[in-house]
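Participant: Right, I'll just put the structure down here and ask away after.
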Amino acid sequence: MQRDTTLGFFSTFWQRCRFHGLCLWCFNARYGGFLVKRLFDFVVCATVLILLMPFVPVIALAIRLDSPGPAFFYQTRVGKQGQLFGMWKFRSMYIDAEQRKVALMKYRDTQDDVLFKMRNDPRITRVGRLIRKTSIDEIPQFWNVLRGDMSLVGPRPPLQSEVAKYGAYERQRLKVKPGITCIWQVSGRSKIPFPQQVEMDLQYINTQSIFGDIVLLLKTFSAVSKGNGAW
C-alpha cells in the first residue's frame with residue numbers, strides 16, 4: 001500500500017492511500033491517537049471541574065485566611081516543543097517565596113543543578129502543606145488541560161530556568177504536552193532524582209497509550225491518598 005498526498009484538516013486523521021490500484025481513505029492511527037487522548041482529557045477534566053467547583057471557594061478562603069496574598073498562583077512554564085504557557089495552582093507558599101529561594105539553596109534536598117526540592121521548606125504555609133500533601137494545589141491545572149496547554153498524563157511542566165540547563169537528552173521531554181501526573185509521580189514523587197525522572201518520562205513518551213494513561217491516573221489516586229513523596 002502506498003500513501004498518496006493528503007488534503008487539508010481532513011487529512012490530519014485520514015490519508016489517501018493506494019491499494020492494488022484502488023484509491024482509498026485510510027485512518028491515520030498516529031493522529032487518531034492524539035485525538036482520542038485529547039477527547040479523553042477534555043471529558044475527564046470537564047467532569048472533575050464541575051464536581052469540584054463547589055469546593056473551590058472554600059479552598060480559596062482557607063488559603064487567604066492562612067496567609068496574605070492571592071488564593072491562586074500563576075507561573076510561566078515550558079510546554080510542548082518549548083512553547084510557553086501560564087500554569088495555575090492554588091497558592092501553597094508565602095508571597096515572598098521566590099525572594100527567599102536563593103538563601104535556601106544550600107539546604108535543598110536535591111543534589112542535581114536542575115530542580116529545587118526541600119523537604120521542610122519554610123516558605124510553605126500551613127494550609128499549603130495540607131493541599132500539597134493531598135495534591136489539592138494541582139486542581140486549577142485541570143483548567144490548563146481544558147485549554148489545551150497540558151494533558152492529564154505527561155512529563156511535569158518545567159520552569160524556563162530548568163529547561164535552560166537541559167541537554168539534548170533532557171529536551172526530549174518537551175516532545176509532548178506536559179501533564180498533571182506522570183510515571184515518577186506515582187513512583188515516589190519528590191524522592192525520585194532528576195535523571196531518573198527524565199528516564200521515566202521518556203519511557204512514557206515512547207510507550208504512551210490511552211490504556212496506559214488510565215492506569216497511571218488510577219495509580220495517582222493511590223499515591224495521593226498515601227501522600228508518598230509529597231513535600
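Following the order of the C-alpha cells, first chain is A, next is B, and so on, with residues numbered from 1 inside each chain and ligands from 1 in the order they appear.
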Find the residues near A:Ser161: any atom within 10 Å, counting only C-alpha atoms, skip ones fewer than 5 places away on the same chain, and give them as an MDAnalysis selection string.

Facilitator: chainID A and resid 77:78 114:115 166

Participant: Restrict the selected residues to N, CA and C atoms and save them as an mmCIF file, in the first residue's frame.

Facilitator:
```
data_model
loop_
_atom_site.group_PDB
_atom_site.id
_atom_site.type_symbol
_atom_site.label_atom_id
_atom_site.label_comp_id
_atom_site.auth_asym_id
_atom_site.auth_seq_id
_atom_site.Cartn_x
_atom_site.Cartn_y
_atom_site.Cartn_z
ATOM 1 N N ARG A 77 5.405 28.371 32.493
ATOM 2 C CA ARG A 77 6.066 27.076 32.353
ATOM 3 C C ARG A 77 6.334 26.788 30.876
ATOM 4 N N VAL A 78 7.155 25.778 30.632
ATOM 5 C CA VAL A 78 7.508 25.394 29.263
ATOM 6 C C VAL A 78 6.704 24.158 28.871
ATOM 7 N N VAL A 114 19.344 21.112 38.492
ATOM 8 C CA VAL A 114 18.141 21.494 37.748
ATOM 9 C C VAL A 114 16.979 21.817 38.677
ATOM 10 N N LEU A 115 16.648 20.896 39.573
ATOM 11 C CA LEU A 115 15.468 21.052 40.426
ATOM 12 C C LEU A 115 15.818 21.604 41.803
ATOM 13 N N TYR A 166 18.905 22.072 30.468
ATOM 14 C CA TYR A 166 18.714 20.798 29.785
ATOM 15 C C TYR A 166 19.770 20.584 28.705
#
```

Participant: Fewer than 6 positions away in the same chain doesn't count, so skip those; otherwise give me all residues within 8 Å of stretch 175-180 of chain A, counting only C-alpha atoms, as a list in words.

Facilitator: Gly79, Lys80, Gln81, Glu138, Gln141, Phe142, Asp149, Met150, Ser151, Leu152, Val153, Gly154, Pro155, Arg156, Pro157 and Ile205 of chain A

Participant: Kindly export the residues of the current selection with N, CA and C atoms, as an mmCIF file, in the first residue's frame.

Facilitator:
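Output below, filename again-v5.cif:
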```cif
data_model
loop_
_atom_site.group_PDB
_atom_site.id
_atom_site.type_symbol
_atom_site.label_atom_id
_atom_site.label_comp_id
_atom_site.auth_asym_id
_atom_site.auth_seq_id
_atom_site.Cartn_x
_atom_site.Cartn_y
_atom_site.Cartn_z
ATOM 1 N N GLY A 79 5.994 24.262 27.736
ATOM 2 C CA GLY A 79 5.154 23.165 27.281
ATOM 3 C C GLY A 79 5.730 22.431 26.086
ATOM 4 N N LYS A 80 4.839 21.852 25.311
ATOM 5 C CA LYS A 80 5.234 21.051 24.145
ATOM 6 C C LYS A 80 6.034 21.882 23.151
ATOM 7 N N GLN A 81 7.136 21.304 22.666
ATOM 8 C CA GLN A 81 8.027 21.955 21.700
ATOM 9 C C GLN A 81 8.568 23.297 22.202
ATOM 10 N N GLU A 138 -3.021 21.217 42.865
ATOM 11 C CA GLU A 138 -2.940 20.994 41.423
ATOM 12 C C GLU A 138 -4.292 21.131 40.717
ATOM 13 N N GLN A 141 -4.981 23.149 37.541
ATOM 14 C CA GLN A 141 -4.348 22.716 36.296
ATOM 15 C C GLN A 141 -5.304 21.951 35.389
ATOM 16 N N PHE A 142 -6.446 21.513 35.927
ATOM 17 C CA PHE A 142 -7.460 20.920 35.060
ATOM 18 C C PHE A 142 -7.940 21.954 34.041
ATOM 19 N N ASP A 149 -3.247 23.458 27.027
ATOM 20 C CA ASP A 149 -1.843 23.700 27.389
ATOM 21 C C ASP A 149 -1.182 22.428 27.915
ATOM 22 N N MET A 150 -1.980 21.604 28.587
ATOM 23 C CA MET A 150 -1.462 20.412 29.254
ATOM 24 C C MET A 150 -2.340 19.210 28.936
ATOM 25 N N SER A 151 -1.896 18.057 29.399
ATOM 26 C CA SER A 151 -2.663 16.819 29.305
ATOM 27 C C SER A 151 -2.808 16.256 30.718
ATOM 28 N N LEU A 152 -3.699 15.303 30.900
ATOM 29 C CA LEU A 152 -3.818 14.679 32.218
ATOM 30 C C LEU A 152 -2.538 13.948 32.594
ATOM 31 N N VAL A 153 -1.964 13.243 31.620
ATOM 32 C CA VAL A 153 -0.747 12.466 31.859
ATOM 33 C C VAL A 153 0.354 12.923 30.910
ATOM 34 N N GLY A 154 1.533 13.139 31.462
ATOM 35 C CA GLY A 154 2.675 13.580 30.665
ATOM 36 C C GLY A 154 3.769 14.084 31.591
ATOM 37 N N PRO A 155 4.941 14.372 31.082
ATOM 38 C CA PRO A 155 6.017 14.920 31.921
ATOM 39 C C PRO A 155 5.568 16.207 32.604
ATOM 40 N N ARG A 156 5.960 16.416 33.838
ATOM 41 C CA ARG A 156 5.574 17.629 34.552
ATOM 42 C C ARG A 156 6.175 18.853 33.868
ATOM 43 N N PRO A 157 5.412 19.961 33.790
ATOM 44 C CA PRO A 157 5.889 21.156 33.079
ATOM 45 C C PRO A 157 7.044 21.843 33.800
ATOM 46 N N ILE A 205 6.758 8.617 27.025
ATOM 47 C CA ILE A 205 6.596 9.194 25.691
ATOM 48 C C ILE A 205 6.676 8.120 24.610
#
```

Participant: Tell me, in Å to one decimal, how far atom CA of A:Val145 is from atom CA of A:Lys101.

Facilitator: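 Straight-line distance from atom CA of A:Val145 to atom CA of A:Lys101 works out to 28.6 Å.
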
Participant: In stretch 86-143 of chain A, what's strand (DSSP E) per DSSP? Answer as an MDAnalysis selection string?

Facilitator: chainID A and resid 86:90

Participant: Kindly indicate which residue among A:Tyr74, A:Tyr94, A:Tyr204, A:Tyr169 lies nearest to A:Trp184, using only C-alpha atoms for the distances.

Facilitator: A:Tyr204

Participant: Residues at most 6 Å from stretch 119-124 of chain A, counting only C-alpha atoms, excluding those fewer than 4 positions away in the same chain, as number ranges by chain?

Facilitator: A: 92-94, 97, 128, 231

Participant: Rank A:Ile192, A:Leu218, A:Leu202, A:Val127 by their smallest atom-to-atom distance to A:Leu61, using only C-alpha atoms, and report the top residue only.

Facilitator: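 Residue with the minimum atom-to-atom distance to A:Leu61: A:Val127.
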
Participant: If you run DSSP on the backbone here, which positions in stretch 38-177 of chain A get alpha helix (DSSP H)? Please write them as a PyMOL selection string.

Facilitator: chain A and resi 38-52+56-66+97-104+126-133+141-147+160-163

Participant: Those same residues, written as a PDB file, in the first residue's frame with C-alpha atoms?

Facilitator:
```pdb
ATOM      1  CA  ARG A  38      -7.442  14.981  23.694  1.00  0.00           C
ATOM      2  CA  LEU A  39     -11.111  13.929  23.908  1.00  0.00           C
ATOM      3  CA  PHE A  40     -10.353  11.797  26.973  1.00  0.00           C
ATOM      4  CA  ASP A  41      -8.548  14.711  28.653  1.00  0.00           C
ATOM      5  CA  PHE A  42     -11.377  17.129  27.880  1.00  0.00           C
ATOM      6  CA  VAL A  43     -14.216  14.899  29.102  1.00  0.00           C
ATOM      7  CA  VAL A  44     -12.437  13.878  32.326  1.00  0.00           C
ATOM      8  CA  CYS A  45     -11.319  17.427  33.184  1.00  0.00           C
ATOM      9  CA  ALA A  46     -14.706  18.982  32.452  1.00  0.00           C
ATOM     10  CA  THR A  47     -16.371  16.387  34.691  1.00  0.00           C
ATOM     11  CA  VAL A  48     -13.846  16.839  37.513  1.00  0.00           C
ATOM     12  CA  LEU A  49     -14.101  20.644  37.430  1.00  0.00           C
ATOM     13  CA  ILE A  50     -17.902  20.515  37.575  1.00  0.00           C
ATOM     14  CA  LEU A  51     -17.778  18.149  40.567  1.00  0.00           C
ATOM     15  CA  LEU A  52     -15.115  20.151  42.421  1.00  0.00           C
ATOM     16  CA  VAL A  56     -13.046  25.891  45.129  1.00  0.00           C
ATOM     17  CA  PRO A  57     -14.338  28.926  47.131  1.00  0.00           C
ATOM     18  CA  VAL A  58     -13.768  27.037  50.404  1.00  0.00           C
ATOM     19  CA  ILE A  59     -10.180  26.158  49.468  1.00  0.00           C
ATOM     20  CA  ALA A  60      -9.520  29.704  48.269  1.00  0.00           C
ATOM     21  CA  LEU A  61     -10.895  31.189  51.502  1.00  0.00           C
ATOM     22  CA  ALA A  62      -8.732  28.875  53.633  1.00  0.00           C
ATOM     23  CA  ILE A  63      -5.625  29.970  51.712  1.00  0.00           C
ATOM     24  CA  ARG A  64      -6.460  33.670  52.070  1.00  0.00           C
ATOM     25  CA  LEU A  65      -7.166  33.366  55.807  1.00  0.00           C
ATOM     26  CA  ASP A  66      -3.938  31.439  56.419  1.00  0.00           C
ATOM     27  CA  ALA A  97       8.819  32.637  48.398  1.00  0.00           C
ATOM     28  CA  GLU A  98      10.843  33.385  45.268  1.00  0.00           C
ATOM     29  CA  GLN A  99      12.906  36.079  47.007  1.00  0.00           C
ATOM     30  CA  ARG A 100      13.775  33.642  49.826  1.00  0.00           C
ATOM     31  CA  LYS A 101      14.780  30.837  47.454  1.00  0.00           C
ATOM     32  CA  VAL A 102      18.416  31.929  46.986  1.00  0.00           C
ATOM     33  CA  ALA A 103      19.099  31.900  50.737  1.00  0.00           C
ATOM     34  CA  LEU A 104      17.737  28.344  50.974  1.00  0.00           C
ATOM     35  CA  ARG A 126       0.210  25.682  56.985  1.00  0.00           C
ATOM     36  CA  VAL A 127      -2.661  25.266  54.539  1.00  0.00           C
ATOM     37  CA  GLY A 128      -0.068  24.891  51.801  1.00  0.00           C
ATOM     38  CA  ARG A 129       1.380  21.767  53.424  1.00  0.00           C
ATOM     39  CA  LEU A 130      -2.057  20.181  53.514  1.00  0.00           C
ATOM     40  CA  ILE A 131      -3.010  20.976  49.930  1.00  0.00           C
ATOM     41  CA  ARG A 132       0.404  19.839  48.682  1.00  0.00           C
ATOM     42  CA  LYS A 133       0.249  16.533  50.544  1.00  0.00           C
ATOM     43  CA  GLN A 141      -4.348  22.716  36.296  1.00  0.00           C
ATOM     44  CA  PHE A 142      -7.460  20.920  35.060  1.00  0.00           C
ATOM     45  CA  TRP A 143      -8.256  24.305  33.501  1.00  0.00           C
ATOM     46  CA  ASN A 144      -4.882  24.201  31.737  1.00  0.00           C
ATOM     47  CA  VAL A 145      -5.827  20.786  30.340  1.00  0.00           C
ATOM     48  CA  LEU A 146      -9.183  22.099  29.094  1.00  0.00           C
ATOM     49  CA  ARG A 147      -7.369  24.962  27.356  1.00  0.00           C
ATOM     50  CA  GLN A 160      12.282  28.180  31.942  1.00  0.00           C
ATOM     51  CA  SER A 161      15.291  28.247  34.288  1.00  0.00           C
ATOM     52  CA  GLU A 162      15.222  24.439  34.436  1.00  0.00           C
ATOM     53  CA  VAL A 163      14.964  23.997  30.666  1.00  0.00           C
TER      54      VAL A 163
END
```

Participant: Between atom CA of A:Phe90 and atom CA of A:Thr125, measure the distance and give it in Å to one decimal.

Facilitator: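 About the pair atom CA of A:Phe90 and atom CA of A:Thr125: they are 11.8 Å apart.
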
Participant: Do you have the atom CA of A:Met87-atom CA of A:Gln75 distance handy?

Facilitator: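 Spanning atom CA of A:Met87 to atom CA of A:Gln75 is a straight-line distance of 5.4 Å.
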
Participant: Would you mind listing, for every residue of stretch 174-201 of chain A within 12 Å of stretch 207-212 of chain A, the two atoms forming the shortest contact and the distance between them in Å to one decimal, using only C-alpha atoms, sorted by chain and ascending residue number, as a tab-separated table?

Facilitator:
```
residue	atom	partner	partner_atom	distance
A:Val176	CA	A:Gln208	CA	10.3
A:Cys182	CA	A:Gly212	CA	10.6
A:Ile183	CA	A:Gly212	CA	10.1
A:Met200	CA	A:Thr207	CA	10.7
A:Asp201	CA	A:Thr207	CA	10.1
```

Participant: Using only C-alpha atoms, which of the listed residues (A:Thr76, A:Ser222, A:Thr181, A:Ser67) sits closest to A:Asp96?

Facilitator: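 Using only C-alpha atoms, A:Asp96 sits closest to A:Ser67.
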